[in-house]
Amino acid sequence: MDYLNYILLALIAFLFIQRMMPTKGVRQITPSGLKNELRDSNKQYVDVRTPGEFKANHIQGFKNIPLNQLPQKSSQLSKDKEVVVICQSGMRSNKATKILTKQGFKKVTNVKGGMSAY
């Protein structure tokens, strides 16, 4: 029975770590790196926080598409342009990059640390 507990614990740890890992093929940038790219009109900037969080504080040029609406509203984005995603801490934006890559977006960037680090 002890082996079963160890296997279960290892599986849970693996799934947790996998969830926290950056999505394969997704570029990671720092908030200072984002500041250097904000003027690039060939990129789409998406904030996946809630409308309330976005209204309280956001970066000019970012479009608010809450994470829970992203699967349905990603059609508003062009797959031909890079998508730069931000949230409050980097967790939701990391999830958003997974959603976008599964939907066929090839150029996706996550802002590490999110608005908290900006």
# chains A, B, ... in the order shown; residues from 1 in each chain; ligands from 1
$ residues_around --residues "Lys73 (chain A)" --least-positions-apart "5" --cutoff "12 Å" --atoms "only C-alpha atoms" --output "number ranges by chain"
A: 46, 48, 63-68, 78, 96, 99-100, 103
$ write_last_selection --atoms "N, CA, C and O atoms" --output "CSV table (one decimal), in the first residue's frame"
chain,number,residue,atom,x,y,z
A,46,VAL,N,-3.0,41.1,-25.4
A,46,VAL,CA,-4.2,40.6,-24.7
A,46,VAL,C,-4.0,40.5,-23.2
A,46,VAL,O,-3.0,39.8,-22.8
A,48,VAL,N,-5.7,38.9,-20.0
A,48,VAL,CA,-6.7,37.8,-19.7
A,48,VAL,C,-7.3,37.9,-18.3
A,48,VAL,O,-7.9,37.0,-17.8
A,63,LYS,N,-5.9,44.5,-25.1
A,63,LYS,CA,-7.4,44.2,-25.3
A,63,LYS,C,-7.7,43.3,-24.2
A,63,LYS,O,-7.0,42.3,-23.9
A,64,ASN,N,-8.8,43.5,-23.5
A,64,ASN,CA,-9.2,42.6,-22.4
A,64,ASN,C,-10.1,41.5,-22.9
A,64,ASN,O,-11.2,41.7,-23.4
A,65,ILE,N,-9.6,40.2,-22.8
A,65,ILE,CA,-10.3,39.0,-23.1
A,65,ILE,C,-10.1,38.1,-21.9
A,65,ILE,O,-9.0,37.5,-21.8
A,66,PRO,N,-11.0,38.1,-21.0
A,66,PRO,CA,-10.9,37.3,-19.8
A,66,PRO,C,-10.6,35.8,-20.1
A,66,PRO,O,-11.1,35.3,-21.1
A,67,LEU,N,-9.7,35.2,-19.3
A,67,LEU,CA,-9.3,33.8,-19.6
A,67,LEU,C,-10.5,32.9,-19.9
A,67,LEU,O,-10.4,32.1,-20.8
A,68,ASN,N,-11.5,33.0,-19.1
A,68,ASN,CA,-12.7,32.0,-19.2
A,68,ASN,C,-13.4,32.3,-20.6
A,68,ASN,O,-14.2,31.4,-21.0
A,78,SER,N,-5.9,37.5,-34.8
A,78,SER,CA,-5.3,37.0,-36.1
A,78,SER,C,-4.2,36.0,-35.8
A,78,SER,O,-3.4,36.2,-35.0
A,96,ALA,N,-3.5,30.8,-20.8
A,96,ALA,CA,-3.9,31.3,-22.0
A,96,ALA,C,-3.1,30.9,-23.2
A,96,ALA,O,-3.6,30.6,-24.3
A,99,ILE,N,-4.1,27.5,-24.3
A,99,ILE,CA,-5.3,27.6,-25.1
A,99,ILE,C,-5.0,28.0,-26.5
A,99,ILE,O,-5.5,27.4,-27.5
A,100,LEU,N,-4.3,29.1,-26.7
A,100,LEU,CA,-4.0,29.7,-28.0
A,100,LEU,C,-3.2,28.7,-28.9
A,100,LEU,O,-3.5,28.6,-30.1
A,103,GLN,N,-5.3,26.1,-30.2
A,103,GLN,CA,-6.2,26.6,-31.3
A,103,GLN,C,-5.4,26.9,-32.6
A,103,GLN,O,-6.0,27.5,-33.5
$ residues_around --residues "Ile59 (chain A)" --least-positions-apart "2" --cutoff "9 Å" --atoms "only C-alpha atoms" --output "VMD selection string"
chain A and resid 47 54 57 61 to 62 115
$ write_last_selection --atoms "N, CA, C and O atoms" --output "tab-separated table (two decimals), in the first residue's frame"
chain	number	residue	atom	x	y	z
A	47	ASP	N	-4.91	41.03	-22.48
A	47	ASP	CA	-4.92	40.95	-21.02
A	47	ASP	C	-6.04	39.99	-20.65
A	47	ASP	O	-7.20	40.24	-20.96
A	54	PHE	N	-8.97	44.61	-15.10
A	54	PHE	CA	-8.53	45.38	-16.26
A	54	PHE	C	-8.91	46.85	-16.10
A	54	PHE	O	-8.09	47.74	-16.37
A	57	ASN	N	-6.65	48.79	-13.59
A	57	ASN	CA	-5.29	49.09	-14.02
A	57	ASN	C	-4.95	48.22	-15.22
A	57	ASN	O	-5.05	47.00	-15.16
A	61	GLY	N	-3.15	49.78	-25.00
A	61	GLY	CA	-2.90	48.96	-26.17
A	61	GLY	C	-3.29	47.50	-25.99
A	61	GLY	O	-3.36	46.75	-26.95
A	62	PHE	N	-3.54	47.10	-24.73
A	62	PHE	CA	-3.97	45.74	-24.46
A	62	PHE	C	-5.48	45.64	-24.58
A	62	PHE	O	-6.21	46.53	-24.16
A	115	MET	N	1.21	41.75	-14.47
A	115	MET	CA	1.05	43.15	-14.04
A	115	MET	C	1.74	43.40	-12.70
A	115	MET	O	2.20	44.52	-12.46
$ atom_distance --atom1 "CA of Ser32 (chain A)" --atom2 "CA of Gln60 (chain A)"
15.2 Å
$ atom_distance --atom1 "CA of Lys112 (chain A)" --atom2 "CA of Val84 (chain A)"
10.9 Å
$ atom_distance --atom1 "CA of Leu38 (chain A)" --atom2 "CA of Thr50 (chain A)"
21.3 Å
$ residues_around --residues "Ser75 (chain A)" --least-positions-apart "4" --cutoff "12 Å" --atoms "only C-alpha atoms" --output "MDAnalysis selection string"
chainID A and resid 65 69:71 79:80 100 103:105
$ select_by_dssp --residues "region 52-106 of chain A" --states "strand (DSSP E or B)" --output "ChimeraX atom specification"
/A:63-64,82-86
$ write_last_selection --atoms "N, CA, C and O atoms" --output "PDB file, in the first residue's frame"
ATOM      1  N   LYS A  63      -5.941  44.533 -25.147  1.00  0.00           N
ATOM      2  CA  LYS A  63      -7.368  44.227 -25.266  1.00  0.00           C
ATOM      3  C   LYS A  63      -7.719  43.252 -24.151  1.00  0.00           C
ATOM      4  O   LYS A  63      -6.987  42.301 -23.901  1.00  0.00           O
ATOM      5  N   ASN A  64      -8.823  43.475 -23.478  1.00  0.00           N
ATOM      6  CA  ASN A  64      -9.233  42.592 -22.390  1.00  0.00           C
ATOM      7  C   ASN A  64     -10.104  41.457 -22.924  1.00  0.00           C
ATOM      8  O   ASN A  64     -11.200  41.674 -23.427  1.00  0.00           O
ATOM      9  N   GLU A  82       1.688  37.880 -33.968  1.00  0.00           N
ATOM     10  CA  GLU A  82       2.064  37.398 -32.636  1.00  0.00           C
ATOM     11  C   GLU A  82       1.061  37.902 -31.600  1.00  0.00           C
ATOM     12  O   GLU A  82       0.581  39.034 -31.685  1.00  0.00           O
ATOM     13  N   VAL A  83       0.741  37.046 -30.632  1.00  0.00           N
ATOM     14  CA  VAL A  83      -0.154  37.412 -29.540  1.00  0.00           C
ATOM     15  C   VAL A  83       0.684  37.479 -28.261  1.00  0.00           C
ATOM     16  O   VAL A  83       1.327  36.511 -27.880  1.00  0.00           O
ATOM     17  N   VAL A  84       0.676  38.639 -27.600  1.00  0.00           N
ATOM     18  CA  VAL A  84       1.381  38.834 -26.340  1.00  0.00           C
ATOM     19  C   VAL A  84       0.330  38.835 -25.241  1.00  0.00           C
ATOM     20  O   VAL A  84      -0.612  39.630 -25.277  1.00  0.00           O
ATOM     21  N   VAL A  85       0.487  37.925 -24.264  1.00  0.00           N
ATOM     22  CA  VAL A  85      -0.542  37.722 -23.242  1.00  0.00           C
ATOM     23  C   VAL A  85      -0.005  38.113 -21.864  1.00  0.00           C
ATOM     24  O   VAL A  85       1.121  37.771 -21.502  1.00  0.00           O
ATOM     25  N   ILE A  86      -0.853  38.818 -21.098  1.00  0.00           N
ATOM     26  CA  ILE A  86      -0.497  39.212 -19.735  1.00  0.00           C
ATOM     27  C   ILE A  86      -1.691  38.970 -18.812  1.00  0.00           C
ATOM     28  O   ILE A  86      -2.837  38.943 -19.257  1.00  0.00           O
TER      29      ILE A  86
END
$ select_by_dssp --residues "chain A" --states "alpha helix (DSSP H)" --output "MDAnalysis selection string"
chainID A and resid 2:20 31:37 51:56 70:73 91:102 114:117
$ closest_residue --among "A:Asp2, A:Gly25, A:Glu37, A:Ile12" --to "Thr101 (chain A)" --atoms "only C-alpha atoms"
A:Gly25
$ closest_residue --among "A:Ala10, A:Tyr3, A:Val26, A:Asn42" --to "Lys98 (chain A)" --atoms "only C-alpha atoms"
A:Val26
$ residues_around --residues "Pro31 (chain A)" --least-positions-apart "4" --cutoff "9 Å" --atoms "only C-alpha atoms" --output "ChimeraX atom specification"
/A:35-36,111-115,117-118
$ decode --residues "region 56-94 of chain A" --atoms "N, CA and C atoms" --output "short mmCIF file (atom, residue, chain, number, x, y, z; two decimals), in the first residue's frame"
data_model
loop_
_atom_site.label_atom_id
_atom_site.label_comp_id
_atom_site.auth_asym_id
_atom_site.auth_seq_id
_atom_site.Cartn_x
_atom_site.Cartn_y
_atom_site.Cartn_z
N ALA A 56 -9.43 48.53 -13.38
CA ALA A 56 -8.68 49.16 -12.29
C ALA A 56 -7.28 49.58 -12.72
N ASN A 57 -6.65 48.79 -13.59
CA ASN A 57 -5.29 49.09 -14.02
C ASN A 57 -4.95 48.22 -15.22
N HIS A 58 -4.57 48.86 -16.32
CA HIS A 58 -4.14 48.09 -17.50
C HIS A 58 -3.12 48.88 -18.30
N ILE A 59 -2.50 48.18 -19.22
CA ILE A 59 -1.50 48.79 -20.09
C ILE A 59 -2.20 49.21 -21.37
N GLN A 60 -1.97 50.46 -21.77
CA GLN A 60 -2.59 50.98 -22.99
C GLN A 60 -2.18 50.11 -24.17
N GLY A 61 -3.15 49.78 -25.00
CA GLY A 61 -2.90 48.96 -26.17
C GLY A 61 -3.29 47.50 -25.99
N PHE A 62 -3.54 47.10 -24.73
CA PHE A 62 -3.97 45.74 -24.46
C PHE A 62 -5.48 45.64 -24.58
N LYS A 63 -5.94 44.53 -25.15
CA LYS A 63 -7.37 44.23 -25.27
C LYS A 63 -7.72 43.25 -24.15
N ASN A 64 -8.82 43.48 -23.48
CA ASN A 64 -9.23 42.59 -22.39
C ASN A 64 -10.10 41.46 -22.92
N ILE A 65 -9.56 40.25 -22.84
CA ILE A 65 -10.33 39.03 -23.13
C ILE A 65 -10.10 38.12 -21.92
N PRO A 66 -11.04 38.09 -20.97
CA PRO A 66 -10.86 37.26 -19.77
C PRO A 66 -10.57 35.80 -20.13
N LEU A 67 -9.73 35.17 -19.33
CA LEU A 67 -9.29 33.80 -19.60
C LEU A 67 -10.46 32.86 -19.87
N ASN A 68 -11.52 32.97 -19.07
CA ASN A 68 -12.65 32.05 -19.25
C ASN A 68 -13.41 32.28 -20.56
N GLN A 69 -13.19 33.41 -21.21
CA GLN A 69 -13.84 33.69 -22.49
C GLN A 69 -12.90 33.49 -23.69
N LEU A 70 -11.62 33.26 -23.41
CA LEU A 70 -10.63 33.17 -24.49
C LEU A 70 -10.92 32.08 -25.51
N PRO A 71 -11.31 30.87 -25.09
CA PRO A 71 -11.59 29.85 -26.13
C PRO A 71 -12.64 30.29 -27.15
N GLN A 72 -13.66 31.01 -26.71
CA GLN A 72 -14.72 31.45 -27.61
C GLN A 72 -14.33 32.72 -28.37
N LYS A 73 -13.53 33.59 -27.76
CA LYS A 73 -13.24 34.89 -28.36
C LYS A 73 -11.90 34.96 -29.08
N SER A 74 -11.18 33.86 -29.12
CA SER A 74 -9.87 33.88 -29.80
C SER A 74 -10.03 34.13 -31.30
N SER A 75 -11.23 33.93 -31.82
CA SER A 75 -11.48 34.20 -33.24
C SER A 75 -11.36 35.69 -33.55
N GLN A 76 -11.38 36.54 -32.52
CA GLN A 76 -11.20 37.98 -32.69
C GLN A 76 -9.73 38.32 -32.96
N LEU A 77 -8.85 37.34 -32.78
CA LEU A 77 -7.41 37.54 -32.95
C LEU A 77 -6.95 36.94 -34.27
N SER A 78 -5.91 37.52 -34.84
CA SER A 78 -5.33 37.01 -36.07
C SER A 78 -4.25 35.98 -35.77
N LYS A 79 -4.32 34.85 -36.44
CA LYS A 79 -3.28 33.83 -36.28
C LYS A 79 -2.01 34.21 -37.03
N ASP A 80 -2.08 35.27 -37.84
CA ASP A 80 -0.93 35.72 -38.60
C ASP A 80 -0.03 36.66 -37.80
N LYS A 81 -0.54 37.18 -36.70
CA LYS A 81 0.24 38.11 -35.88
C LYS A 81 0.57 37.46 -34.54
N GLU A 82 1.69 37.88 -33.97
CA GLU A 82 2.06 37.40 -32.64
C GLU A 82 1.06 37.90 -31.60
N VAL A 83 0.74 37.05 -30.63
CA VAL A 83 -0.15 37.41 -29.54
C VAL A 83 0.68 37.48 -28.26
N VAL A 84 0.68 38.64 -27.60
CA VAL A 84 1.38 38.83 -26.34
C VAL A 84 0.33 38.83 -25.24
N VAL A 85 0.49 37.93 -24.26
CA VAL A 85 -0.54 37.72 -23.24
C VAL A 85 0.00 38.11 -21.86
N ILE A 86 -0.85 38.82 -21.10
CA ILE A 86 -0.50 39.21 -19.73
C ILE A 86 -1.69 38.97 -18.81
N CYS A 87 -1.40 38.77 -17.53
CA CYS A 87 -2.44 38.68 -16.49
C CYS A 87 -1.87 39.38 -15.25
N GLN A 88 -2.32 39.01 -14.07
CA GLN A 88 -1.83 39.66 -12.86
C GLN A 88 -0.46 39.13 -12.44
N SER A 89 -0.29 37.80 -12.47
CA SER A 89 0.96 37.22 -11.97
C SER A 89 1.71 36.35 -12.97
N GLY A 90 1.07 36.01 -14.07
CA GLY A 90 1.69 35.15 -15.07
C GLY A 90 1.07 33.76 -15.12
N MET A 91 0.24 33.42 -14.15
CA MET A 91 -0.38 32.09 -14.12
C MET A 91 -1.49 31.96 -15.17
N ARG A 92 -2.42 32.90 -15.17
CA ARG A 92 -3.53 32.83 -16.14
C ARG A 92 -3.02 33.02 -17.56
N SER A 93 -2.04 33.90 -17.72
CA SER A 93 -1.51 34.11 -19.07
C SER A 93 -0.80 32.85 -19.57
N ASN A 94 -0.16 32.11 -18.67
CA ASN A 94 0.45 30.84 -19.06
C ASN A 94 -0.63 29.86 -19.53
#
